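What follows is a short report on a single structure.
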Number of protein chains: 4
Amino acid sequence: MIKVGIVGATGYTGAELVRLLLGHPQAELVAVTSRSYQGQKLSSIFPNFLGVTDLVCTGLDPAELARECDVVFVALPHGHSVALAEILVAAGKKVVDLGADFRLQDREIYGQWYQEEPAAAELLSQAVYGLPELHREKIREANLIANPGCYPTSSILALAPLVKEKLIDLSSMIIDAKSGVSGAGRSVALGSHYAEVNESFKAYKVANHRHTPEIEQELSGLAGQDIRLSFTPHLVPMTRGILATIYANPASGEELSQARLTELYASFYREEKFVQVLDGQFPQTNWVAGTNNCQLAVTFDRRANRIIILSAIDNLVKGAAGQAIQNMNIMLGIAEDEGLQLISRYL
Amino acid sequence: MIKVGIVGATGYTGAELVRLLLGHPQAELVAVTSRSYQGQKLSSIFPNFLGVTDLVCTGLDPAELARECDVVFVALPHGHSVALAEILVAAGKKVVDLGADFRLQDREIYGQWYQEEPAAAELLSQAVYGLPELHREKIREANLIANPGCYPTSSILALAPLVKEKLIDLSSMIIDAKSGVSGAGRSVALGSHYAEVNESFKAYKVANHRHTPEIEQELSGLAGQDIRLSFTPHLVPMTRGILATIYANPASGEELSQARLTELYASFYREEKFVQVLDGQFPQTNWVAGTNNCQLAVTFDRRANRIIILSAIDNLVKGAAGQAIQNMNIMLGIAEDEGLQLISRYL
Amino acid sequence: MIKVGIVGATGYTGAELVRLLLGHPQAELVAVTSRSYQGQKLSSIFPNFLGVTDLVCTGLDPAELARECDVVFVALPHGHSVALAEILVAAGKKVVDLGADFRLQDREIYGQWYQEEPAAAELLSQAVYGLPELHREKIREANLIANPGCYPTSSILALAPLVKEKLIDLSSMIIDAKSGVSGAGRSVALGSHYAEVNESFKAYKVANHRHTPEIEQELSGLAGQDIRLSFTPHLVPMTRGILATIYANPASGEELSQARLTELYASFYREEKFVQVLDGQFPQTNWVAGTNNCQLAVTFDRRANRIIILSAIDNLVKGAAGQAIQNMNIMLGIAEDEGLQLISRYL
Amino acid sequence: MIKVGIVGATGYTGAELVRLLLGHPQAELVAVTSRSYQGQKLSSIFPNFLGVTDLVCTGLDPAELARECDVVFVALPHGHSVALAEILVAAGKKVVDLGADFRLQDREIYGQWYQEEPAAAELLSQAVYGLPELHREKIREANLIANPGCYPTSSILALAPLVKEKLIDLSSMIIDAKSGVSGAGRSVALGSHYAEVNESFKAYKVANHRHTPEIEQELSGLAGQDIRLSFTPHLVPMTRGILATIYANPASGEELSQARLTELYASFYREEKFVQVLDGQFPQTNWVAGTNNCQLAVTFDRRANRIIILSAIDNLVKGAAGQAIQNMNIMLGIAEDEGLQLISRYL
């Protein structure tokens, strides 16, 4: 059994890691840390775990974690993972960081968007961006995974086929993304206060969200040239799920058709266990809720000569905890979908 | 007092017309028709009206309506208004049709999108597209108003300043719109069944929604040239409200800035009572819920050289019943905001 | 015009007071105070008020309030009203306190339930419990109103006819009440965090809620004897509204029937503008949302020989701000429903 | 592998049976029938099953079902199971009926509440009421299970310890139950139309719900005497879950205490895998969502001398599909929680 620890187990991503790891046939959850709930049973904080686990939250002790665990998932706000990851990696452990500290390889860009000191170059250079559908081989060799953000996961998977095949005008990409409220985390704030978000819909951080450079980094890598795009996040009055609606214009000279696009996506993702290309239906967030799946549909808007891609994920699973476990599985050489063969409820 | 009738009073648009007209100081609601609830009191169908009105629903009798009413609001599914409007207009009455039958002036385009026979050319030519911010003078003279769709209202108001001033590439417009479920009406259907839409988010009728030609018609008129754009509607798990997120590229050669855009919108709508241009905030649907307001915010995405406009309305008010009453007020020469000085609840 | 001030204007009750007072034909809102938002425009905190008011929040200055206002609404957490009320009442002003500081006339009971020092006996003795349907005459003479809690309003109105007529076993009353989340206020807390309450239902403070003694005080007063009852509050994943389901057994020897109960309620509330006794329908919270109405329905469960009363109010209106204004109207001798002729949206 | 069929697979209970059976290690789902979706793939009706199953819905052919299946789950509206069950049982198959046709052993009572002909006495006499916590031994021997209703499951489990121990006044029981909207099924109806139920709360079928006699039958059986009680169902604007709040008075002469009640419940359910007695917390529906668990908490309201029990289940799992599978497991002599070791998401 793989000994696994979770740092920051009492946020929503932490709770989802707990749920998935408790059901993982080859993993044993041995340590859960929490600053706020130290000394309390996980099952009293999250009573859905009653009868399933008796784990107690502890404070964060990196040395102790290194002793107990083979793999550590770090689910902390950005800026808090670097020192810990350094210790664990040095101790020969596998680390999956679910925050933003290792996602941007360009330290200057990190500084611009996060207004903080980026991770040291050497440690950063060891981090692999953990989107298996693009970087599986590197993940296999990695000890430190920068687990992608939720919006980037849905966006990059949706655009990768078009960018890689250079079928689109690379300056035309627009990502209009909508997320459930759990994406804002479990820390109380007026912006997640029930009556403030219920029965309302809004955009936020327009042209200014920190996931933008992450998406641009990955698509630029695929394209082999610098990409700038527009990314607009919105808040949906529901708990889970992201739907991204993505627009791009055909590259000059390209004759596109619905059939060609459908075939491109189907073939690009044919071997992928967690990417489902729909044909004749548009994805809904509840169809992937609770699972590590990404559902895609591509539409050619012939009238306006434009491509529209819809991409749905569960922000807490493929957008966070599930993908983190997928990365762990790859790093450890076990089946990529071990512990992730999740069947979604229809409702 | 203006004698007013509502045909189709027991749908959601009808119920909203009832609410607003009961509070209109110069209007008296004298007739409400309903196919399904004939003979029943409005206050037993909509018990929120208990103690406010004792009106009873009747069947539809055009001659009787013409006798009793000065103004008739028709809130029927498309395809059902033409014959009725003909009678009422011939009888010298003012008619506001809240369906689609008179919205598209090009009968061929109507046929393509609605797969039905359009209204006769002569009657159609008398209809005025009832978006007061664009067509106030024509509305003043009209007897037959084609009340705009909910999506077109939010979209056209958002794009009008840019299109009129020719600041944007007219082939670059993308409207990503999100609506509450009440927009689908009160007729039962699996797509509005609670557990099917709750806690989920989806797009529908991608590149294929009937409001597209309506938006194109109005913007083409403003631009003086044919416009094609992409329009994607989405369903939000909430009851009321539309937020449209709209993208356009600057026209070639235009040097845009946040300041210039903000000033453009503020000045374009300075005299409008129902359009509020926000500065430093992004609109939320609950801020306009229950009112006839449209809240706009324009953002210049300097990095991607793109304009992003957010537009929020209440689909049942500015997107339907409220705008219909605004049109009535203009036609009758009374204050445009009579009966529409509505203060939204914060929550 | 009556000059009105609101202390604590930026909570949910405060926002509702603002909405209703801005629409009150005889009131002028001249002062709004807020500790957290001092110096900010109300319309930037609550953008639904854009274009409606330019009022700016100030800090709390009792002397200044006394100078400017005829009536002051105090919407502060319990424990913060006493000193302020003392000054204002001494200055000859009318005060409506929407907190709990003056609701319990028995200072010992207040101490037991609130673990705080109660108001001084003299000031307390001037306070009138502001449920107009029971205490209209005393309210007329009062300068200090203890505005009832939301749960007590719905519960006392539902039980008053039975208790007054002594038709029930006074030891058998059970109040099973359900409230929307806005009842918990605008202060951020995990218990009002969106993802914690959305899509879930729970009871809280079982057999232990502070509204219990308030209900018992009023019903005991009506009965002329001490009453103990069970009160269980629940949290509903919605923003507004309270539904109380209330059970009582017939008094020994009483022969009850549906007809007798219906007639009792209809006749008890015949003259009341804000209490609606339904016949043949059960109330729903959205039928009263946004209004000062209480909808009641009484059912005789013949099989089990038990009376079941359903009572619906909007917790922020009849349960708080609306009733406060009703009390103001009575104190000032103007029409009781002035500013409160609100028509609810159906949805 | 156990060959399993589902009749009526495209309702919400059917979809939940599919989800659970696809994850059951010893079951193989071989047949799914649907009147409305005949010939369609399950995964196109419920796209959450994409990539998980390729099953196609067929029409209902009892003889074919009898050939293919060892166990058949019947998820049809009441009145439609009798003929089918007769054939299957005669063919030596195990049948779990999730409708009401076999729940009431008294044919006269069935007739009164359902206004339909009850099942023939002989077949009815073979049916066992499938609440394993009460009837495990009989279930073991049964071929025909009447799977309990959702409300009865939550209510009977909550009251059984008190009734069995005769600690309460048997005429004092009141069940105030609240259910998510999925309980009303997938057939479209105004009462499940999104905008009609969203943001509202109501009671329905007060003193008149068909689950009443089912609860009374089981509790009467436990008590050894006829019981009449009050049962009030309510609709919560959420998809899944039931919370029942249950009141009873201590039997005359009984000296109750919190400690004694807590101990009674803990001990009564000590060996039960799916009943969790909370201590110091009140259950929430989302803590059991997706699982076969029932969470109970008992409170002694000392002031009012009353017992309050809270009981939470997922109406589609312990209230329907999960319990059905639990019954199958018992009938077939496999581990009772096989396929039911479900870990709930926290949100």
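Scheme for the structure tokens: letters A, B, ... for chains in order shown; per-chain residue numbers from 1; ligand numbers from 1 in order shown.
Proximity to chain C at a cut-off of 6 Å picks out Glu199, Ser200, Phe201, Lys202, Ala207, Arg228, Leu229, Ser230, Met238, Gln284, Thr285, Asn286, Asp301 and Ala304 of chain D on chain D, counting only C-alpha atoms.
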For region 76-90 of chain B: contacts at 9 Å, only C-alpha atoms, fewer than 6 positions along chain excluded, given as a PyMOL selection string: chain B and resi 7-9+11+14+62-63+65-66+96-102+114+116-120+123+143-144
Output N, CA and C atoms for every residue in that selection, as a PDB file, in the first residue's frame.
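Writing done, so here's result_15.pdb:
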ATOM      1  N   VAL B   7     -53.383  38.989 -22.750  1.00  0.00           N
ATOM      2  CA  VAL B   7     -53.731  37.700 -23.359  1.00  0.00           C
ATOM      3  C   VAL B   7     -52.617  36.712 -23.029  1.00  0.00           C
ATOM      4  N   GLY B   8     -52.962  35.661 -22.346  1.00  0.00           N
ATOM      5  CA  GLY B   8     -51.939  34.706 -21.894  1.00  0.00           C
ATOM      6  C   GLY B   8     -51.395  35.141 -20.549  1.00  0.00           C
ATOM      7  N   ALA B   9     -52.308  35.356 -19.603  1.00  0.00           N
ATOM      8  CA  ALA B   9     -51.906  35.973 -18.331  1.00  0.00           C
ATOM      9  C   ALA B   9     -51.330  34.976 -17.342  1.00  0.00           C
ATOM     10  N   GLY B  11     -48.906  32.561 -17.850  1.00  0.00           N
ATOM     11  CA  GLY B  11     -47.498  32.181 -17.943  1.00  0.00           C
ATOM     12  C   GLY B  11     -46.684  33.094 -17.046  1.00  0.00           C
ATOM     13  N   GLY B  14     -46.881  36.656 -18.271  1.00  0.00           N
ATOM     14  CA  GLY B  14     -48.206  37.148 -17.921  1.00  0.00           C
ATOM     15  C   GLY B  14     -48.285  37.540 -16.451  1.00  0.00           C
ATOM     16  N   PRO B  62     -61.431  38.126 -29.052  1.00  0.00           N
ATOM     17  CA  PRO B  62     -60.809  39.345 -29.581  1.00  0.00           C
ATOM     18  C   PRO B  62     -61.759  40.536 -29.618  1.00  0.00           C
ATOM     19  N   ALA B  63     -63.010  40.301 -30.022  1.00  0.00           N
ATOM     20  CA  ALA B  63     -63.946  41.417 -30.123  1.00  0.00           C
ATOM     21  C   ALA B  63     -64.203  42.039 -28.754  1.00  0.00           C
ATOM     22  N   LEU B  65     -62.205  41.916 -26.188  1.00  0.00           N
ATOM     23  CA  LEU B  65     -60.983  42.634 -25.791  1.00  0.00           C
ATOM     24  C   LEU B  65     -60.943  44.024 -26.427  1.00  0.00           C
ATOM     25  N   ALA B  66     -61.312  44.063 -27.712  1.00  0.00           N
ATOM     26  CA  ALA B  66     -61.289  45.340 -28.428  1.00  0.00           C
ATOM     27  C   ALA B  66     -62.283  46.314 -27.804  1.00  0.00           C
ATOM     28  N   VAL B  96     -49.116  45.347 -27.765  1.00  0.00           N
ATOM     29  CA  VAL B  96     -47.717  44.993 -27.521  1.00  0.00           C
ATOM     30  C   VAL B  96     -47.632  43.478 -27.540  1.00  0.00           C
ATOM     31  N   ASP B  97     -46.930  42.963 -28.549  1.00  0.00           N
ATOM     32  CA  ASP B  97     -46.793  41.509 -28.656  1.00  0.00           C
ATOM     33  C   ASP B  97     -45.479  41.084 -28.023  1.00  0.00           C
ATOM     34  N   LEU B  98     -45.558  40.228 -27.018  1.00  0.00           N
ATOM     35  CA  LEU B  98     -44.332  39.811 -26.333  1.00  0.00           C
ATOM     36  C   LEU B  98     -43.725  38.555 -26.942  1.00  0.00           C
ATOM     37  N   GLY B  99     -44.349  38.014 -27.984  1.00  0.00           N
ATOM     38  CA  GLY B  99     -43.780  36.868 -28.698  1.00  0.00           C
ATOM     39  C   GLY B  99     -42.916  37.329 -29.864  1.00  0.00           C
ATOM     40  N   ALA B 100     -42.592  36.380 -30.721  1.00  0.00           N
ATOM     41  CA  ALA B 100     -41.613  36.670 -31.785  1.00  0.00           C
ATOM     42  C   ALA B 100     -42.256  37.014 -33.122  1.00  0.00           C
ATOM     43  N   ASP B 101     -43.581  37.009 -33.195  1.00  0.00           N
ATOM     44  CA  ASP B 101     -44.233  37.059 -34.509  1.00  0.00           C
ATOM     45  C   ASP B 101     -43.926  38.306 -35.326  1.00  0.00           C
ATOM     46  N   PHE B 102     -43.612  39.407 -34.671  1.00  0.00           N
ATOM     47  CA  PHE B 102     -43.390  40.650 -35.417  1.00  0.00           C
ATOM     48  C   PHE B 102     -41.976  41.187 -35.248  1.00  0.00           C
ATOM     49  N   TYR B 114     -37.904  30.044 -37.810  1.00  0.00           N
ATOM     50  CA  TYR B 114     -39.076  29.591 -37.065  1.00  0.00           C
ATOM     51  C   TYR B 114     -39.845  28.476 -37.772  1.00  0.00           C
ATOM     52  N   GLU B 116     -42.056  28.524 -39.882  1.00  0.00           N
ATOM     53  CA  GLU B 116     -43.488  28.820 -39.928  1.00  0.00           C
ATOM     54  C   GLU B 116     -43.713  29.985 -40.862  1.00  0.00           C
ATOM     55  N   GLU B 117     -44.967  30.131 -41.233  1.00  0.00           N
ATOM     56  CA  GLU B 117     -45.373  31.253 -42.079  1.00  0.00           C
ATOM     57  C   GLU B 117     -45.214  32.559 -41.287  1.00  0.00           C
ATOM     58  N   PRO B 118     -44.518  33.536 -41.839  1.00  0.00           N
ATOM     59  CA  PRO B 118     -44.406  34.812 -41.126  1.00  0.00           C
ATOM     60  C   PRO B 118     -45.708  35.615 -41.232  1.00  0.00           C
ATOM     61  N   ALA B 119     -45.793  36.679 -40.454  1.00  0.00           N
ATOM     62  CA  ALA B 119     -46.941  37.579 -40.530  1.00  0.00           C
ATOM     63  C   ALA B 119     -47.004  38.195 -41.920  1.00  0.00           C
ATOM     64  N   ALA B 120     -48.214  38.586 -42.313  1.00  0.00           N
ATOM     65  CA  ALA B 120     -48.384  39.229 -43.617  1.00  0.00           C
ATOM     66  C   ALA B 120     -47.565  40.514 -43.652  1.00  0.00           C
ATOM     67  N   LEU B 123     -49.118  43.954 -42.274  1.00  0.00           N
ATOM     68  CA  LEU B 123     -49.196  44.100 -40.814  1.00  0.00           C
ATOM     69  C   LEU B 123     -47.783  44.213 -40.240  1.00  0.00           C
ATOM     70  N   ASN B 143     -48.713  51.559 -33.324  1.00  0.00           N
ATOM     71  CA  ASN B 143     -49.867  50.891 -32.736  1.00  0.00           C
ATOM     72  C   ASN B 143     -49.563  49.424 -32.417  1.00  0.00           C
ATOM     73  N   LEU B 144     -48.518  48.932 -33.022  1.00  0.00           N
ATOM     74  CA  LEU B 144     -48.166  47.523 -32.850  1.00  0.00           C
ATOM     75  C   LEU B 144     -46.675  47.424 -32.515  1.00  0.00           C
TER      76      LEU B 144
END
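For the pair CA of Val72 (chain B) and CA of Val95 (chain B), the separation is 5.0 Å.
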Strand (DSSP E) per DSSP on the backbone: members of region 19-238 of chain C, as a PyMOL selection string: chain C and resi 27-33+71-74+94-97+127-129+144-146+174-180+202-203+230-236
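In this structure, CA of Asp169 (chain D) sits 23.9 Å away from CA of Ile109 (chain D).
When the distance limit is 9 Å and only C-alpha atoms are what count, the residues near region 223-225 of chain B, minus those fewer than 2 positions from it on the same chain, are Ala160, Val163, Lys164, Glu165, Lys166, Leu170, Glu218, Leu219, Ser220, Gly221 and Ile227 of chain B.
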Let me see the file: selected residues, N, CA and C atoms, as a short mmCIF file (atom, residue, chain, number, x, y, z; two decimals), in the first residue's frame.
data_model
loop_
_atom_site.label_atom_id
_atom_site.label_comp_id
_atom_site.auth_asym_id
_atom_site.auth_seq_id
_atom_site.Cartn_x
_atom_site.Cartn_y
_atom_site.Cartn_z
N ALA B 160 -24.73 48.29 -28.68
CA ALA B 160 -25.13 49.45 -29.48
C ALA B 160 -24.08 50.57 -29.53
N VAL B 163 -21.17 49.52 -31.83
CA VAL B 163 -21.56 49.32 -33.22
C VAL B 163 -21.87 50.67 -33.87
N LYS B 164 -22.60 51.48 -33.15
CA LYS B 164 -22.98 52.78 -33.70
C LYS B 164 -21.74 53.63 -33.97
N GLU B 165 -20.78 53.56 -33.06
CA GLU B 165 -19.57 54.38 -33.23
C GLU B 165 -18.53 53.67 -34.10
N LYS B 166 -18.88 52.48 -34.57
CA LYS B 166 -17.97 51.74 -35.43
C LYS B 166 -16.57 51.57 -34.83
N LEU B 170 -16.69 44.39 -36.96
CA LEU B 170 -18.08 43.93 -36.92
C LEU B 170 -18.22 42.41 -37.11
N GLU B 218 -31.00 44.08 -35.53
CA GLU B 218 -30.91 45.39 -34.89
C GLU B 218 -29.50 45.98 -34.99
N LEU B 219 -28.51 45.13 -34.81
CA LEU B 219 -27.14 45.66 -34.90
C LEU B 219 -26.78 45.99 -36.35
N SER B 220 -27.31 45.21 -37.29
CA SER B 220 -27.08 45.54 -38.70
C SER B 220 -27.68 46.90 -39.03
N GLY B 221 -28.88 47.12 -38.48
CA GLY B 221 -29.51 48.42 -38.70
C GLY B 221 -28.66 49.56 -38.17
N ILE B 227 -24.55 42.08 -40.39
CA ILE B 227 -23.69 41.57 -39.33
C ILE B 227 -24.03 40.11 -39.06
#
Nearby residues (only C-alpha atoms) at most 10 Å from Asp106 (chain C), same-chain spacing under 6 positions excluded, as a ChimeraX atom specification: /C:118,121,124-125,213,217
Who sits within 8 Å of Gly23 (chain B), only C-alpha atoms, same chain under 4 positions skipped, as a PyMOL selection string: (chain B and resi 19+339) or (chain C and resi 343)
Create the file for the chosen residues now, containing N, CA and C atoms and written as a compact mmCIF listing (two decimals), in the first residue's frame.
# COMPACT_ATOMS: atom_id res chain seq x y z
N ARG B 19 -48.40 41.76 -12.17
CA ARG B 19 -47.76 42.43 -11.03
C ARG B 19 -47.50 43.90 -11.33
N GLY B 339 -45.04 53.60 -13.40
CA GLY B 339 -45.28 52.21 -13.02
C GLY B 339 -44.05 51.34 -13.03
N ILE C 343 -46.73 44.21 -3.62
CA ILE C 343 -47.21 43.07 -4.39
C ILE C 343 -46.05 42.12 -4.61
Contacts of Leu342 (chain B) at 7 Å (only C-alpha atoms; same-chain gap of 2+ positions) as a VMD selection string: chain B and resid 291 340 344
Can I get the selection written as an mmCIF file, in the first residue's frame, with N, CA and C atoms?
data_model
loop_
_atom_site.group_PDB
_atom_site.id
_atom_site.type_symbol
_atom_site.label_atom_id
_atom_site.label_comp_id
_atom_site.auth_asym_id
_atom_site.auth_seq_id
_atom_site.Cartn_x
_atom_site.Cartn_y
_atom_site.Cartn_z
ATOM 1 N N THR B 291 -36.677 44.625 -11.513
ATOM 2 C CA THR B 291 -36.720 45.987 -12.048
ATOM 3 C C THR B 291 -36.581 45.990 -13.565
ATOM 4 N N LEU B 340 -42.913 51.943 -13.357
ATOM 5 C CA LEU B 340 -41.679 51.151 -13.479
ATOM 6 C C LEU B 340 -40.578 51.641 -12.552
ATOM 7 N N SER B 344 -35.321 47.262 -6.492
ATOM 8 C CA SER B 344 -34.998 45.850 -6.351
ATOM 9 C C SER B 344 -34.692 45.516 -4.897
#
Test item, helix (DSSP H, G or I) assignment across region 131-342 of chain A, answer as a ChimeraX atom specification: /A:132-141,150-164,181-184,190-192,194-197,211-223,258-268,285-287,317-332
Can you spit out the residues from that selection as a PDB file, in the first residue's frame, using C-alpha atoms?
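Below is the file part-v7.pdb, written as the result:
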ATOM      1  CA  PRO A 132      -1.535  13.975 -17.840  1.00  0.00           C
ATOM      2  CA  GLU A 133      -3.174  14.305 -21.233  1.00  0.00           C
ATOM      3  CA  LEU A 134      -0.322  16.632 -22.259  1.00  0.00           C
ATOM      4  CA  HIS A 135       2.605  15.703 -20.028  1.00  0.00           C
ATOM      5  CA  ARG A 136       2.201  12.054 -19.152  1.00  0.00           C
ATOM      6  CA  GLU A 137       5.773  11.072 -19.858  1.00  0.00           C
ATOM      7  CA  LYS A 138       7.282  13.836 -17.782  1.00  0.00           C
ATOM      8  CA  ILE A 139       4.886  13.116 -14.930  1.00  0.00           C
ATOM      9  CA  ARG A 140       6.109   9.513 -14.895  1.00  0.00           C
ATOM     10  CA  GLU A 141       9.588  10.741 -13.991  1.00  0.00           C
ATOM     11  CA  CYS A 150      -9.540  23.996 -12.253  1.00  0.00           C
ATOM     12  CA  TYR A 151     -10.190  26.556 -14.983  1.00  0.00           C
ATOM     13  CA  PRO A 152      -6.943  25.725 -16.822  1.00  0.00           C
ATOM     14  CA  THR A 153      -7.769  22.018 -16.814  1.00  0.00           C
ATOM     15  CA  SER A 154     -11.110  22.553 -18.507  1.00  0.00           C
ATOM     16  CA  SER A 155      -9.716  25.171 -20.872  1.00  0.00           C
ATOM     17  CA  ILE A 156      -6.487  23.560 -21.978  1.00  0.00           C
ATOM     18  CA  LEU A 157      -8.097  20.185 -22.667  1.00  0.00           C
ATOM     19  CA  ALA A 158     -10.703  21.965 -24.790  1.00  0.00           C
ATOM     20  CA  LEU A 159      -8.214  23.908 -26.870  1.00  0.00           C
ATOM     21  CA  ALA A 160      -5.290  21.514 -27.134  1.00  0.00           C
ATOM     22  CA  PRO A 161      -6.392  19.720 -30.323  1.00  0.00           C
ATOM     23  CA  LEU A 162      -6.955  22.963 -32.218  1.00  0.00           C
ATOM     24  CA  VAL A 163      -3.777  24.608 -30.997  1.00  0.00           C
ATOM     25  CA  LYS A 164      -1.622  21.580 -31.605  1.00  0.00           C
ATOM     26  CA  VAL A 181     -19.102  28.275  -5.643  1.00  0.00           C
ATOM     27  CA  SER A 182     -16.999  25.501  -4.105  1.00  0.00           C
ATOM     28  CA  GLY A 183     -14.177  26.767  -6.317  1.00  0.00           C
ATOM     29  CA  ALA A 184     -13.817  29.693  -3.932  1.00  0.00           C
ATOM     30  CA  LEU A 190     -18.787  37.665   1.821  1.00  0.00           C
ATOM     31  CA  GLY A 191     -18.301  36.484  -1.759  1.00  0.00           C
ATOM     32  CA  SER A 192     -19.233  32.932  -0.747  1.00  0.00           C
ATOM     33  CA  TYR A 194     -25.094  32.057   0.852  1.00  0.00           C
ATOM     34  CA  ALA A 195     -27.499  34.920   0.310  1.00  0.00           C
ATOM     35  CA  GLU A 196     -24.906  36.908  -1.652  1.00  0.00           C
ATOM     36  CA  VAL A 197     -24.434  34.285  -4.351  1.00  0.00           C
ATOM     37  CA  HIS A 211      -5.445  31.285 -14.125  1.00  0.00           C
ATOM     38  CA  THR A 212      -4.900  33.231 -17.342  1.00  0.00           C
ATOM     39  CA  PRO A 213      -1.082  32.961 -17.484  1.00  0.00           C
ATOM     40  CA  GLU A 214      -1.330  29.263 -16.639  1.00  0.00           C
ATOM     41  CA  ILE A 215      -3.562  28.622 -19.632  1.00  0.00           C
ATOM     42  CA  GLU A 216      -1.375  30.769 -21.847  1.00  0.00           C
ATOM     43  CA  GLN A 217       1.795  28.970 -20.714  1.00  0.00           C
ATOM     44  CA  GLU A 218       0.445  25.575 -21.656  1.00  0.00           C
ATOM     45  CA  LEU A 219      -1.119  26.580 -24.953  1.00  0.00           C
ATOM     46  CA  SER A 220       1.978  28.558 -25.893  1.00  0.00           C
ATOM     47  CA  GLY A 221       4.003  25.439 -25.251  1.00  0.00           C
ATOM     48  CA  LEU A 222       1.742  23.443 -27.534  1.00  0.00           C
ATOM     49  CA  ALA A 223       1.743  26.084 -30.243  1.00  0.00           C
ATOM     50  CA  GLN A 258     -18.391  20.024 -38.212  1.00  0.00           C
ATOM     51  CA  ALA A 259     -17.295  16.575 -39.335  1.00  0.00           C
ATOM     52  CA  ARG A 260     -13.624  17.470 -39.426  1.00  0.00           C
ATOM     53  CA  LEU A 261     -13.744  19.013 -35.973  1.00  0.00           C
ATOM     54  CA  THR A 262     -15.637  16.130 -34.437  1.00  0.00           C
ATOM     55  CA  GLU A 263     -13.163  13.678 -35.886  1.00  0.00           C
ATOM     56  CA  LEU A 264     -10.197  15.746 -34.704  1.00  0.00           C
ATOM     57  CA  TYR A 265     -11.402  15.719 -31.101  1.00  0.00           C
ATOM     58  CA  ALA A 266     -12.444  12.089 -31.129  1.00  0.00           C
ATOM     59  CA  SER A 267      -9.105  11.044 -32.469  1.00  0.00           C
ATOM     60  CA  PHE A 268      -7.030  13.355 -30.268  1.00  0.00           C
ATOM     61  CA  THR A 285     -21.687  19.869 -15.278  1.00  0.00           C
ATOM     62  CA  ASN A 286     -23.792  17.341 -13.367  1.00  0.00           C
ATOM     63  CA  TRP A 287     -22.914  14.621 -15.876  1.00  0.00           C
ATOM     64  CA  VAL A 317     -12.136  16.239  -9.059  1.00  0.00           C
ATOM     65  CA  LYS A 318     -10.615  16.589 -12.538  1.00  0.00           C
ATOM     66  CA  GLY A 319     -10.034  20.224 -11.544  1.00  0.00           C
ATOM     67  CA  ALA A 320      -8.222  19.310  -8.314  1.00  0.00           C
ATOM     68  CA  ALA A 321      -8.269  16.147  -6.199  1.00  0.00           C
ATOM     69  CA  GLY A 322      -8.986  13.580  -8.899  1.00  0.00           C
ATOM     70  CA  GLN A 323      -6.319  14.869 -11.214  1.00  0.00           C
ATOM     71  CA  ALA A 324      -3.901  14.931  -8.292  1.00  0.00           C
ATOM     72  CA  ILE A 325      -4.515  11.227  -7.744  1.00  0.00           C
ATOM     73  CA  GLN A 326      -4.251  10.576 -11.463  1.00  0.00           C
ATOM     74  CA  ASN A 327      -0.814  12.194 -11.261  1.00  0.00           C
ATOM     75  CA  MET A 328       0.116  10.066  -8.256  1.00  0.00           C
ATOM     76  CA  ASN A 329      -0.910   6.922 -10.094  1.00  0.00           C
ATOM     77  CA  ILE A 330       1.257   7.856 -13.075  1.00  0.00           C
ATOM     78  CA  MET A 331       4.257   8.745 -10.935  1.00  0.00           C
ATOM     79  CA  LEU A 332       4.010   5.437  -9.135  1.00  0.00           C
TER      80      LEU A 332
END
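Restricting the calculation to only C-alpha atoms, the smallest distance between Tyr110 (chain A) and any of A:Phe274, A:Pro233, A:Arg210, A:Gly185 is found for A:Arg210.
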Contacts of Met1 (chain B) within 8 Å, only C-alpha atoms, excl. fewer than 4 positions in-chain, as JSON, numbers by chain: {"B": [26, 27, 28]}
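Note that CA of Arg345 (chain A) and CA of Leu50 (chain A) are 20.9 Å apart.
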